[in-house]
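With compact mmCIF, C-alpha atoms inside, this is coords-v2.txt:
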```txt
# COMPACT_ATOMS: atom_id res chain seq x y z
CA MET T 1 3.00 -33.46 -13.68
CA GLN T 2 0.29 -31.11 -12.39
CA LEU T 3 2.69 -29.88 -9.73
CA VAL T 4 5.22 -28.78 -12.35
CA LEU T 5 2.48 -27.34 -14.55
CA GLY T 6 0.92 -25.33 -11.71
CA LEU T 7 4.28 -23.95 -10.60
CA GLY T 8 5.06 -23.04 -14.20
CA ILE T 9 1.78 -21.16 -14.54
CA PHE T 10 2.48 -19.26 -11.32
CA VAL T 11 6.02 -18.27 -12.33
CA THR T 12 4.95 -17.32 -15.87
CA THR T 13 2.10 -15.21 -14.51
CA LEU T 14 4.40 -13.28 -12.17
CA ALA T 15 6.98 -12.82 -14.93
CA ALA T 16 4.29 -11.42 -17.24
CA ILE T 17 3.04 -9.06 -14.51
CA LEU T 18 6.53 -7.67 -13.92
CA ALA T 19 7.82 -7.64 -17.51
CA ARG T 20 4.50 -6.77 -19.24
CA PRO T 21 5.41 -8.33 -22.62
CA ALA T 22 3.59 -6.91 -25.68
CA ARG T 23 2.08 -4.24 -23.41
CA LEU T 24 0.17 -6.87 -21.50
CA SER T 25 -1.36 -5.23 -18.42
CA GLU T 26 -1.00 -6.61 -14.90
CA ALA T 27 -4.71 -7.50 -14.88
CA GLN T 28 -4.53 -9.33 -18.22
CA ALA T 29 -1.49 -11.30 -17.07
CA ALA T 30 -3.16 -12.30 -13.79
CA LEU T 31 -6.43 -13.27 -15.51
CA ALA T 32 -4.52 -15.31 -18.10
CA GLY T 33 -2.81 -17.19 -15.27
CA ALA T 34 -6.18 -17.79 -13.59
CA LEU T 35 -7.66 -19.09 -16.85
CA ALA T 36 -4.71 -21.46 -17.25
CA MET T 37 -5.30 -22.79 -13.72
CA LEU T 38 -8.96 -23.43 -14.60
CA LEU T 39 -8.35 -24.98 -18.03
CA THR T 40 -5.73 -27.39 -16.70
CA GLY T 41 -8.10 -28.51 -13.97
CA ILE T 42 -5.72 -27.49 -11.21
CA VAL T 43 -8.42 -25.23 -9.79
CA PRO T 44 -11.99 -26.58 -10.11
CA LEU T 45 -14.54 -23.95 -11.14
CA ASP T 46 -16.50 -24.26 -7.91
CA ALA T 47 -13.32 -23.86 -5.84
CA ALA T 48 -12.44 -20.69 -7.76
CA PHE T 49 -15.95 -19.33 -7.20
CA ARG T 50 -15.76 -20.03 -3.47
CA ALA T 51 -12.33 -18.40 -3.22
CA LEU T 52 -13.58 -15.23 -4.95
CA LEU T 53 -16.79 -15.12 -2.93
CA HIS T 54 -14.73 -15.36 0.25
CA GLU T 55 -13.05 -12.05 -0.65
CA TRP T 56 -16.29 -10.03 -1.00
CA ASN T 57 -15.19 -7.63 1.73
CA VAL T 58 -11.90 -6.92 -0.05
CA TYR T 59 -13.68 -6.15 -3.33
CA LEU T 60 -16.08 -3.73 -1.62
CA PHE T 61 -13.19 -2.13 0.26
CA PHE T 62 -11.25 -1.57 -2.97
CA LEU T 63 -14.32 -0.08 -4.67
CA GLY T 64 -15.10 2.29 -1.81
CA LEU T 65 -11.46 3.27 -1.38
CA MET T 66 -10.87 4.04 -5.07
CA THR T 67 -14.14 5.98 -5.39
CA THR T 68 -13.31 8.07 -2.32
CA THR T 69 -9.80 8.75 -3.60
CA VAL T 70 -11.00 9.90 -7.02
CA LEU T 71 -13.62 12.20 -5.44
CA ALA T 72 -10.94 13.72 -3.18
CA GLU T 73 -8.58 14.23 -6.11
CA GLN T 74 -11.25 15.86 -8.28
CA ALA T 75 -12.19 18.23 -5.44
CA GLY T 76 -8.56 19.32 -5.08
CA VAL T 77 -8.05 17.94 -1.57
CA PHE T 78 -4.46 16.91 -2.32
CA ALA T 79 -3.65 20.31 -3.84
CA LEU T 80 -5.20 22.01 -0.79
CA LEU T 81 -3.05 20.01 1.62
CA ALA T 82 0.13 20.62 -0.40
CA ARG T 83 -0.65 24.35 -0.59
CA LEU T 84 -1.20 24.55 3.16
CA ALA T 85 2.10 22.75 3.73
CA ALA T 86 3.96 25.19 1.44
CA VAL T 87 2.42 28.23 3.14
CA TRP T 88 3.31 26.86 6.59
CA ALA T 89 6.91 26.14 5.52
CA GLY T 90 7.40 29.84 4.72
CA GLY T 91 10.18 29.41 2.16
CA SER T 92 12.18 26.72 3.98
CA SER T 93 12.77 23.51 1.99
CA VAL T 94 13.39 21.54 5.18
CA ARG T 95 10.11 22.69 6.74
CA LEU T 96 8.30 21.96 3.47
CA TYR T 97 9.83 18.48 3.40
CA VAL T 98 8.67 17.75 6.96
CA ALA T 99 5.22 19.14 6.18
CA LEU T 100 4.82 17.03 3.03
CA PHE T 101 5.97 13.96 4.96
CA ALA T 102 3.18 14.71 7.44
CA VAL T 103 0.67 15.20 4.60
CA GLY T 104 1.75 11.91 3.03
CA THR T 105 1.36 10.15 6.37
CA VAL T 106 -2.18 11.49 6.85
CA VAL T 107 -3.24 10.73 3.26
CA THR T 108 -1.85 7.20 3.55
CA ALA T 109 -3.51 6.58 6.90
CA VAL T 110 -6.93 7.74 5.66
CA LEU T 111 -6.92 6.96 1.92
CA SER T 112 -4.28 4.20 1.58
CA ASN T 113 -0.76 4.05 0.19
CA ASP T 114 -2.00 4.02 -3.42
CA ALA T 115 -3.55 7.48 -3.01
CA THR T 116 -0.28 8.88 -1.71
CA ALA T 117 1.92 7.33 -4.37
CA LEU T 118 -0.36 7.99 -7.34
CA LEU T 119 -2.41 11.11 -6.55
CA LEU T 120 -0.26 13.07 -4.12
CA THR T 121 2.82 12.61 -6.33
CA PRO T 122 1.56 14.76 -9.26
CA VAL T 123 0.53 17.52 -6.83
CA VAL T 124 3.91 17.47 -5.09
CA ALA T 125 5.72 17.43 -8.46
CA THR T 126 3.72 20.44 -9.67
CA LEU T 127 4.37 22.28 -6.42
CA VAL T 128 8.14 21.78 -6.14
CA LEU T 129 8.78 22.38 -9.85
CA SER T 130 6.78 25.62 -9.74
CA LEU T 131 8.80 26.68 -6.68
CA GLY T 132 12.09 25.93 -8.45
CA LEU T 133 13.13 23.24 -5.96
CA SER T 134 15.01 20.02 -6.63
CA PRO T 135 12.14 17.50 -7.10
CA MET T 136 13.80 14.18 -6.29
CA PRO T 137 13.85 14.44 -2.45
CA PHE T 138 10.15 15.29 -2.38
CA LEU T 139 9.15 12.66 -4.93
CA PHE T 140 11.05 9.93 -3.10
CA ALA T 141 9.25 11.05 0.06
CA THR T 142 5.82 10.48 -1.51
CA THR T 143 6.49 6.88 -2.51
CA PHE T 144 8.45 5.86 0.60
CA ILE T 145 6.01 7.32 3.11
CA ALA T 146 3.20 5.61 1.20
CA ASP T 147 4.49 2.20 2.28
CA THR T 148 6.10 3.25 5.58
CA ALA T 149 2.81 4.65 6.91
CA SER T 150 0.63 1.95 5.35
CA PHE T 151 0.22 0.00 8.58
CA SER T 152 -0.83 3.00 10.68
CA LEU T 153 -4.52 1.99 10.39
CA PRO T 154 -6.26 -1.07 8.95
CA VAL T 155 -7.51 1.07 6.03
CA SER T 156 -4.03 2.43 5.21
CA ASN T 157 -3.26 -0.45 2.85
CA PRO T 158 -5.69 -2.84 1.11
CA VAL T 159 -3.22 -5.62 1.91
CA ASN T 160 -4.19 -5.21 5.58
CA VAL T 161 -7.79 -6.16 4.79
CA LEU T 162 -6.59 -8.91 2.45
CA VAL T 163 -4.49 -10.59 5.16
CA LEU T 164 -6.63 -9.97 8.25
CA GLY T 165 -10.01 -10.71 6.66
CA GLU T 166 -13.48 -9.33 7.36
CA ARG T 167 -13.21 -8.62 11.06
CA ILE T 168 -10.12 -6.74 12.18
CA ASP T 169 -9.42 -6.47 15.89
CA LEU T 170 -8.36 -2.81 16.14
CA PRO T 171 -6.82 -2.98 19.65
CA THR T 172 -4.71 -5.95 18.54
CA PHE T 173 -3.75 -4.15 15.32
CA PHE T 174 -2.57 -1.11 17.28
CA ARG T 175 -0.86 -3.29 19.86
CA PHE T 176 1.38 -4.97 17.32
CA LEU T 177 1.80 -2.32 14.61
CA LEU T 178 1.24 1.23 15.91
CA VAL T 179 4.65 1.63 17.54
CA PRO T 180 6.53 0.09 14.55
CA ALA T 181 4.53 2.37 12.21
CA LEU T 182 5.34 5.54 14.16
CA GLY T 183 8.95 4.46 14.57
CA GLY T 184 9.24 3.67 10.87
CA ILE T 185 7.85 7.08 9.87
CA LEU T 186 10.33 8.84 12.18
CA VAL T 187 13.29 6.77 10.98
CA ASN T 188 12.31 7.34 7.34
CA LEU T 189 12.06 11.11 7.86
CA VAL T 190 15.36 11.44 9.74
CA VAL T 191 17.30 9.27 7.27
CA PHE T 192 15.91 11.17 4.26
CA LEU T 193 16.58 14.58 5.82
CA TRP T 194 20.19 13.52 6.27
CA TRP T 195 20.51 11.89 2.83
CA PHE T 196 19.03 14.87 0.95
CA ARG T 197 20.50 17.53 3.27
CA ARG T 198 22.32 19.37 0.45
CA ALA T 199 19.30 19.54 -1.86
CA LEU T 200 17.14 20.76 1.02
CA ARG T 201 19.29 23.83 1.64
CA GLN T 202 17.33 25.67 -1.07
CA ARG T 203 14.75 28.30 -0.27
CA TYR T 204 11.71 29.36 -2.28
CA ASP T 205 9.50 32.38 -2.61
CA PRO T 206 6.24 31.72 -0.68
CA ALA T 207 4.41 34.04 -3.07
CA ARG T 208 4.81 31.43 -5.82
CA VAL T 209 2.62 28.96 -3.90
CA ALA T 210 -0.39 30.46 -5.67
CA ALA T 211 0.39 28.14 -8.60
CA LEU T 212 -1.61 25.41 -6.83
CA GLU T 213 -4.64 27.61 -6.22
CA LYS T 214 -6.22 26.74 -9.57
CA HIS T 215 -6.27 23.04 -8.58
CA VAL T 216 -8.28 23.72 -5.40
CA SER T 217 -12.07 23.81 -5.81
CA PRO T 218 -14.57 25.28 -3.29
CA LEU T 219 -15.51 21.66 -2.56
CA ALA T 220 -12.03 20.81 -1.25
CA ARG T 221 -12.62 21.82 2.38
CA PRO T 222 -16.05 20.16 2.75
CA MET T 223 -14.60 17.05 1.12
CA LEU T 224 -11.68 17.11 3.55
CA VAL T 225 -14.12 17.23 6.47
CA GLY T 226 -16.00 14.30 4.92
CA LEU T 227 -12.78 12.31 4.65
CA VAL T 228 -12.04 12.87 8.33
CA LEU T 229 -15.52 11.68 9.26
CA LEU T 230 -15.13 8.62 7.01
CA ALA T 231 -11.78 7.80 8.63
CA LEU T 232 -13.41 7.97 12.06
CA ALA T 233 -16.24 5.72 10.85
CA GLU T 234 -13.75 3.17 9.52
CA VAL T 235 -11.77 3.22 12.76
CA GLY T 236 -15.02 2.71 14.64
CA ALA T 237 -15.96 -0.19 12.38
CA ALA T 238 -12.58 -1.80 13.01
CA TRP T 239 -13.02 -1.24 16.76
CA TRP T 240 -16.36 -3.06 16.67
CA GLN T 241 -14.87 -5.67 14.30
CA LEU T 242 -17.31 -4.88 11.49
CA PRO T 243 -16.38 -5.55 7.83
CA LEU T 244 -14.68 -2.49 6.36
CA GLY T 245 -15.87 -3.02 2.78
CA PRO T 246 -19.49 -1.89 3.30
CA VAL T 247 -18.31 1.05 5.45
CA ALA T 248 -15.90 2.19 2.72
CA CYS T 249 -18.63 1.97 0.07
CA CYS T 250 -21.19 3.84 2.21
CA GLY T 251 -18.59 6.53 2.90
CA ALA T 252 -17.82 6.87 -0.82
CA LEU T 253 -21.55 7.19 -1.54
CA GLY T 254 -21.85 9.92 1.10
CA LEU T 255 -18.96 11.89 -0.41
CA ALA T 256 -20.46 11.46 -3.88
CA LEU T 257 -23.70 12.97 -2.58
CA VAL T 258 -21.74 15.94 -1.19
CA ALA T 259 -20.16 16.48 -4.61
CA TRP T 260 -23.58 16.11 -6.29
CA ARG T 261 -25.20 18.67 -3.98
CA ALA T 262 -22.38 21.07 -4.87
CA GLY T 263 -23.01 20.46 -8.58
CA GLN T 264 -19.50 19.02 -9.07
CA LEU T 265 -20.22 15.31 -9.51
CA ASP T 266 -19.33 14.03 -12.98
CA PRO T 267 -20.28 10.31 -13.03
CA ARG T 268 -18.36 9.62 -16.26
CA ARG T 269 -15.21 11.28 -14.98
CA LEU T 270 -15.60 9.43 -11.69
CA ALA T 271 -15.96 6.08 -13.49
CA ARG T 272 -12.90 6.81 -15.62
CA GLY T 273 -10.86 7.65 -12.53
CA ILE T 274 -11.46 4.28 -10.89
CA SER T 275 -8.83 1.67 -11.77
CA TRP T 276 -11.18 -1.14 -12.76
CA SER T 277 -8.26 -3.26 -13.92
CA LEU T 278 -7.26 -3.67 -10.28
CA PHE T 279 -10.27 -5.94 -9.77
CA GLY T 280 -9.05 -8.10 -12.65
CA PHE T 281 -5.57 -8.26 -11.16
CA LEU T 282 -6.91 -9.21 -7.74
CA THR T 283 -9.31 -11.79 -9.18
CA GLY T 284 -6.59 -13.41 -11.24
CA MET T 285 -4.12 -13.59 -8.37
CA ILE T 286 -6.71 -15.07 -5.98
CA VAL T 287 -7.36 -17.93 -8.43
CA VAL T 288 -3.65 -18.42 -9.22
CA VAL T 289 -2.74 -18.63 -5.53
CA ARG T 290 -5.70 -20.97 -5.03
CA GLY T 291 -4.00 -23.20 -7.60
CA LEU T 292 -0.87 -23.33 -5.46
CA GLU T 293 -3.08 -24.18 -2.50
CA GLU T 294 -4.81 -27.01 -4.39
CA LEU T 295 -1.39 -28.47 -5.25
CA GLY T 296 -0.20 -28.25 -1.64
CA LEU T 297 2.58 -25.83 -2.54
CA THR T 298 1.53 -23.14 -0.07
CA ARG T 299 1.53 -25.70 2.73
CA ARG T 300 5.02 -26.88 1.79
CA PHE T 301 6.28 -23.33 1.47
CA GLY T 302 4.85 -22.36 4.86
CA ALA T 303 6.30 -25.45 6.52
CA TRP T 304 9.72 -24.78 4.98
CA LEU T 305 9.67 -21.10 5.97
CA LEU T 306 8.61 -21.76 9.56
CA ALA T 307 11.17 -24.55 9.85
CA LEU T 308 13.83 -21.85 9.46
CA GLY T 309 12.55 -20.28 12.67
CA GLU T 310 12.08 -23.53 14.54
CA GLY T 311 13.01 -23.45 18.23
CA SER T 312 12.65 -19.70 18.72
CA PHE T 313 9.54 -17.58 18.29
CA PHE T 314 11.63 -14.45 17.75
CA ARG T 315 13.45 -16.22 14.93
CA ALA T 316 10.08 -17.31 13.50
CA VAL T 317 8.82 -13.70 13.53
CA LEU T 318 12.01 -12.52 11.81
CA VAL T 319 11.74 -15.26 9.17
CA VAL T 320 8.09 -14.45 8.41
CA THR T 321 8.72 -10.69 8.32
CA PHE T 322 11.83 -10.77 6.15
CA GLY T 323 10.58 -13.70 4.07
CA THR T 324 7.44 -11.75 3.20
CA ALA T 325 9.46 -8.60 2.49
CA ILE T 326 11.93 -10.39 0.21
CA GLY T 327 9.09 -12.14 -1.61
CA ALA T 328 7.21 -8.85 -2.02
CA ASN T 329 10.24 -7.25 -3.68
CA LEU T 330 10.62 -10.21 -6.03
CA VAL T 331 7.02 -10.99 -6.98
CA ASN T 332 4.97 -7.97 -5.71
CA ASN T 333 3.32 -7.67 -2.31
CA VAL T 334 -0.24 -8.65 -3.28
CA PRO T 335 0.53 -12.22 -4.42
CA MET T 336 3.08 -12.57 -1.62
CA ALA T 337 0.50 -11.53 0.98
CA LEU T 338 -1.98 -14.05 -0.45
CA ILE T 339 0.63 -16.81 -0.36
CA MET T 340 1.71 -16.03 3.20
CA ARG T 341 -1.87 -15.79 4.43
CA THR T 342 -2.60 -19.29 3.17
CA ALA T 343 0.80 -20.70 4.16
CA LEU T 344 0.43 -19.59 7.77
CA ALA T 345 -3.15 -20.83 8.04
CA GLN T 346 -2.07 -24.28 6.82
CA SER T 347 1.38 -24.64 8.36
CA ALA T 348 1.74 -22.62 11.55
CA PRO T 349 2.74 -25.07 14.32
CA SER T 350 0.65 -25.23 17.48
CA THR T 351 3.74 -24.22 19.48
CA PHE T 352 3.69 -20.76 17.87
CA PRO T 353 0.76 -18.32 18.27
CA LEU T 354 -0.69 -17.53 14.82
CA GLU T 355 -1.89 -13.96 15.45
CA PRO T 356 1.54 -12.31 15.91
CA LEU T 357 2.80 -14.10 12.79
CA ARG T 358 -0.07 -12.63 10.75
CA TYR T 359 1.01 -9.16 11.85
CA ALA T 360 4.58 -10.06 10.93
CA VAL T 361 3.24 -10.79 7.43
CA LEU T 362 1.64 -7.34 7.35
CA LEU T 363 4.87 -5.71 8.46
CA GLY T 364 6.78 -7.43 5.66
CA ALA T 365 4.10 -6.93 2.99
CA ASP T 366 3.44 -3.25 3.79
CA LEU T 367 6.95 -1.93 4.46
CA GLY T 368 9.02 -4.55 2.64
CA PRO T 369 8.24 -3.30 -0.92
CA ASN T 370 10.21 -0.11 -0.22
CA VAL T 371 13.45 -1.78 -1.36
CA THR T 372 12.75 -2.14 -5.09
CA THR T 373 10.51 -0.38 -7.62
CA VAL T 374 8.55 -3.57 -8.35
CA GLY T 375 7.59 -4.39 -4.75
CA SER T 376 4.09 -2.93 -5.04
CA LEU T 377 1.85 -1.85 -7.90
CA ALA T 378 1.73 1.67 -6.46
CA THR T 379 5.52 1.98 -6.78
CA VAL T 380 5.54 0.58 -10.32
CA LEU T 381 2.89 3.09 -11.38
CA TRP T 382 4.78 5.85 -9.50
CA VAL T 383 7.81 5.20 -11.71
CA PHE T 384 5.69 5.44 -14.88
CA LEU T 385 4.01 8.59 -13.54
CA LEU T 386 7.33 10.39 -13.05
CA ARG T 387 8.27 9.72 -16.67
CA ARG T 388 5.49 12.14 -17.68
CA TYR T 389 7.54 14.84 -15.99
CA GLY T 390 10.72 13.71 -17.73
CA ILE T 391 12.09 12.29 -14.48
CA THR T 392 13.87 8.93 -14.53
CA VAL T 393 14.26 7.08 -11.24
CA SER T 394 17.53 5.28 -10.63
CA LEU T 395 16.88 1.73 -9.45
CA ARG T 396 20.23 1.77 -7.69
CA GLN T 397 19.34 4.91 -5.73
CA TYR T 398 15.94 3.48 -4.84
CA ILE T 399 17.52 0.27 -3.53
CA VAL T 400 20.16 2.20 -1.54
CA LEU T 401 17.50 4.39 0.10
CA GLY T 402 15.36 1.34 0.80
CA LEU T 403 18.22 -0.53 2.45
CA LEU T 404 18.95 2.49 4.65
CA VAL T 405 15.47 2.32 6.14
CA VAL T 406 13.67 -0.98 5.60
CA PRO T 407 15.91 -3.64 7.26
CA ALA T 408 16.28 -1.59 10.45
CA VAL T 409 12.54 -0.89 10.77
CA LEU T 410 11.63 -4.51 9.95
CA THR T 411 14.02 -5.72 12.65
CA LEU T 412 12.69 -3.29 15.26
CA GLY T 413 9.10 -4.09 14.28
CA SER T 414 9.77 -7.82 14.56
CA LEU T 415 11.30 -7.30 17.99
CA TRP T 416 8.21 -5.35 19.08
CA ILE T 417 5.84 -8.08 17.84
CA TRP T 418 7.90 -10.72 19.64
CA LEU T 419 7.93 -8.76 22.91
CA LEU T 420 4.14 -8.34 22.86
CA HIS T 421 3.11 -11.80 21.67
```
Written as structure tokens, how would this file's structure read?
Amino acid sequence: MQLVLGLGIFVTTLAAILARPARLSEAQAALAGALAMLLTGIVPLDAAFRALLHEWNVYLFFLGLMTTTVLAEQAGVFALLARLAAVWAGGSSVRLYVALFAVGTVVTAVLSNDATALLLTPVVATLVLSLGLSPMPFLFATTFIADTASFSLPVSNPVNVLVLGERIDLPTFFRFLLVPALGGILVNLVVFLWWFRRALRQRYDPARVAALEKHVSPLARPMLVGLVLLALAEVGAAWWQLPLGPVACCGALGLALVAWRAGQLDPRRLARGISWSLFGFLTGMIVVVRGLEELGLTRRFGAWLLALGEGSFFRAVLVVTFGTAIGANLVNNVPMALIMRTALAQSAPSTFPLEPLRYAVLLGADLGPNVTTVGSLATVLWVFLLRRYGITVSLRQYIVLGLLVVPAVLTLGSLWIWLLH
């Protein structure tokens, strides 16, 4: 009976997160599911506490990452980068498209995919609309590159820290994912340049780029230098296998001090800019997935999934990669990453090395959500954000673009992981 009840709570929680009935937020839905797991006794209170305490590094990483992103946005770093890209492009839409792809890649690598999808998008929308260009190619670029480049560095996607834990082996991370990440970015760019080739024939007047100048503060350049230094510190921490959460928080504190010294730190505005509800969503999903673990469902799921790849490690890598990607597009990549992390830890056979399979999970959880608009929270919020500009995204077009890129890159990435295992 508890098995059916626990599965019902899980499915209902995910349905509420995706459908948001009665304007229920994702955090409220996840916390309601967690409360149900506790009240039914599926998850003992002490087990829930231990599960949450185990994720201390993830919580600190989220806090540092969001604080840094808000400080960068308030300083006009994103507007500065977009303006520089538009000046460099010199009136060519194609050159501007390539430049903004590069900006999106850098922002994702340093500040995570959420920063690109949520904070670079408004800047790009303002830029291309002020230049009189067709917005859709550029807006699709911001959300797709956010996920495509999100396994360039360990800090490029919070899911990376969620799956790999406190101590990330940077050489191993680069060994398995750097080539797939670079290949995915190139494939994404080439496919989109071809798909939007007609819209990108337009030209614009470079003199109109000044429209972004008002969004760039004198603090933008010092803040950009600070972001580069923080990125180097985080890469160094990953190299020495130190927890990234404290590093991210210390970096955010340093950038806040820079803003304070410049007289541009507004604590209330900073606090409002941080998405506190994300902590509620993460907390709820950790407890809900712990419920599945207590019921043995994650072990069964992992055993079933790996059984599909039995007899061939390449097949196992493909199953894990595509299984994670499909699950991410159906139920969102955060819960899917949590499920796969536990499933592999409990069910991976001794005949298969576990480490490559964990990177296969990352490949599927980071890139996989690019097929539907519900695959990641960043994409869901990106859709809502565009509605402020009166732009409606066609789900069909999103799926078509995703299928042009994602399956091929997932296959090539899986092949790379298999060859290097």
Measuring between only C-alpha atoms, which one of T:Leu81, T:Ala307, T:Leu45, T:Val289 shows the shortest distance to Ala220 (chain T)? T:Leu81
Compile the contact shell of Val107 (chain T) as number ranges by chain: residues with an atom at most 12 Å away, counting only C-alpha atoms, same-chain residues fewer than 4 positions apart removed. T: 68-69, 72-73, 77-79, 81-82, 100-103, 111-121, 142-143, 145-147, 149-150, 152-153, 155-157, 224, 227-228, 231
Using all atoms listed in the file, which residues sit within 9 Å of region 2-7 of chain T once same-chain residues fewer than 4 positions away are excluded, as a compact mmCIF listing (two decimals) with C-alpha atoms, keeping the file's coordinate frame?
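Okay, around-v1.txt is ready:
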```
# COMPACT_ATOMS: atom_id res chain seq x y z
CA VAL T 11 6.02 -18.27 -12.33
CA THR T 12 4.95 -17.32 -15.87
CA ALA T 36 -4.71 -21.46 -17.25
CA MET T 37 -5.30 -22.79 -13.72
CA THR T 40 -5.73 -27.39 -16.70
CA GLY T 41 -8.10 -28.51 -13.97
CA ILE T 42 -5.72 -27.49 -11.21
CA VAL T 288 -3.65 -18.42 -9.22
CA GLY T 291 -4.00 -23.20 -7.60
CA LEU T 292 -0.87 -23.33 -5.46
CA LEU T 295 -1.39 -28.47 -5.25
CA GLY T 296 -0.20 -28.25 -1.64
CA LEU T 297 2.58 -25.83 -2.54
```
Which residues, written as a ChimeraX atom specification, have at least one atom at most 7 Å from region 122-139 of chain T, with all atoms listed in the file counted and residues fewer than 5 positions away on the same chain left out? /T:78-79,82,97,196,199,202,204,208,211-212
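The shell of residues at most 7 Å from Gly302 (chain T), with all atoms listed in the file counted and near chain neighbours (fewer than 4 positions) removed, consists of Thr298, Leu306, Ala343, Leu344 and Ser347 of chain T.
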Given the choices T:Tyr359, T:Trp260, T:Phe62, T:Phe301, which gets closest to Ile274 (chain T) if the distance is worked out from all atoms listed in the file?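 Nearest to Ile274 (chain T): T:Phe62.
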Give, as AutoDock Vina command-line options, the centre coordinates and the x, y and z edge lengths in Å to one decimal for an axis-aligned box around all listed atoms of region 257-263 of chain T, padded by 5 Å on each side.
```
--center_x -22.7 --center_y 17.0 --center_z -4.9 --size_x 15.0 --size_y 18.1 --size_z 17.4
```
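The shortest atom-to-atom distance to Leu164 (chain T), with all atoms listed in the file taken into account, belongs to T:Thr342 out of T:Gln264, T:Asn370, T:Asn329, T:Thr342.
Candidate residues T:Ala360, T:Leu318, T:Leu170, T:Val87 were compared for distance to Gln241 (chain T), and the nearest is T:Leu170, using all atoms listed in the file.
Coordinates place CA of Trp418 (chain T) at a distance of 16.6 Å from CA of Pro171 (chain T).
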One-decimal distance in Å that lies between CA of Ala75 (chain T) and CA of Ala233 (chain T): 20.9 Å
Go through T:Gly184, T:Pro243, T:Pro267, T:Pro21 and flag the residue nearest Val70 (chain T), using only C-alpha atoms for the distances.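 Going through T:Gly184, T:Pro243, T:Pro267, T:Pro21 one by one, the smallest distance to Val70 (chain T) is for T:Pro267.
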Residue nearest Thr379 (chain T) - candidates T:Leu242, T:Leu410, T:Asn332, T:Leu178, atoms counted: all atoms listed in the file: T:Asn332
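Taking CA of Pro206 (chain T) as the reference point, CA of Gly90 (chain T) is found at 5.8 Å.
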Excluding same-chain residues fewer than 2 positions from Val400 (chain T), what lies within 12 Å of it counting all atoms listed in the file, as an MDAnalysis selection string? chainID T and resid 191:192 195 370:373 394:398 402:407
Since the input is missing atoms, can you rebuild N, CA and C atoms for region 192-205 of chain T and write them as a PDB file, keeping the file's coordinate frame?
```pdb
ATOM      1  N   PHE T 192      16.041  10.409   5.511  1.00  0.00           N
ATOM      2  CA  PHE T 192      15.910  11.170   4.260  1.00  0.00           C
ATOM      3  C   PHE T 192      16.361  12.615   4.428  1.00  0.00           C
ATOM      4  N   LEU T 193      16.094  13.222   5.583  1.00  0.00           N
ATOM      5  CA  LEU T 193      16.580  14.580   5.820  1.00  0.00           C
ATOM      6  C   LEU T 193      18.103  14.625   5.787  1.00  0.00           C
ATOM      7  N   TRP T 194      18.720  13.575   6.309  1.00  0.00           N
ATOM      8  CA  TRP T 194      20.190  13.520   6.270  1.00  0.00           C
ATOM      9  C   TRP T 194      20.684  13.228   4.851  1.00  0.00           C
ATOM     10  N   TRP T 195      20.059  12.299   4.164  1.00  0.00           N
ATOM     11  CA  TRP T 195      20.510  11.890   2.830  1.00  0.00           C
ATOM     12  C   TRP T 195      20.378  13.043   1.825  1.00  0.00           C
ATOM     13  N   PHE T 196      19.287  13.799   1.913  1.00  0.00           N
ATOM     14  CA  PHE T 196      19.030  14.870   0.950  1.00  0.00           C
ATOM     15  C   PHE T 196      19.367  16.247   1.539  1.00  0.00           C
ATOM     16  N   ARG T 197      20.235  16.289   2.538  1.00  0.00           N
ATOM     17  CA  ARG T 197      20.500  17.530   3.270  1.00  0.00           C
ATOM     18  C   ARG T 197      21.004  18.645   2.349  1.00  0.00           C
ATOM     19  N   ARG T 198      21.799  18.322   1.329  1.00  0.00           N
ATOM     20  CA  ARG T 198      22.320  19.370   0.450  1.00  0.00           C
ATOM     21  C   ARG T 198      21.218  19.955  -0.428  1.00  0.00           C
ATOM     22  N   ALA T 199      20.388  19.073  -0.992  1.00  0.00           N
ATOM     23  CA  ALA T 199      19.300  19.540  -1.860  1.00  0.00           C
ATOM     24  C   ALA T 199      18.278  20.355  -1.081  1.00  0.00           C
ATOM     25  N   LEU T 200      18.152  20.080   0.218  1.00  0.00           N
ATOM     26  CA  LEU T 200      17.140  20.760   1.020  1.00  0.00           C
ATOM     27  C   LEU T 200      17.644  22.073   1.622  1.00  0.00           C
ATOM     28  N   ARG T 201      18.810  22.523   1.191  1.00  0.00           N
ATOM     29  CA  ARG T 201      19.290  23.830   1.640  1.00  0.00           C
ATOM     30  C   ARG T 201      18.643  24.980   0.854  1.00  0.00           C
ATOM     31  N   GLN T 202      17.965  24.644  -0.236  1.00  0.00           N
ATOM     32  CA  GLN T 202      17.330  25.670  -1.070  1.00  0.00           C
ATOM     33  C   GLN T 202      16.189  26.362  -0.330  1.00  0.00           C
ATOM     34  N   ARG T 203      15.916  27.580  -0.760  1.00  0.00           N
ATOM     35  CA  ARG T 203      14.750  28.300  -0.270  1.00  0.00           C
ATOM     36  C   ARG T 203      13.880  28.671  -1.462  1.00  0.00           C
ATOM     37  N   TYR T 204      12.632  28.989  -1.200  1.00  0.00           N
ATOM     38  CA  TYR T 204      11.710  29.360  -2.280  1.00  0.00           C
ATOM     39  C   TYR T 204      10.913  30.575  -1.863  1.00  0.00           C
ATOM     40  N   ASP T 205      10.315  31.207  -2.850  1.00  0.00           N
ATOM     41  CA  ASP T 205       9.500  32.380  -2.610  1.00  0.00           C
ATOM     42  C   ASP T 205       8.071  31.934  -2.279  1.00  0.00           C
TER      43      ASP T 205
END
```
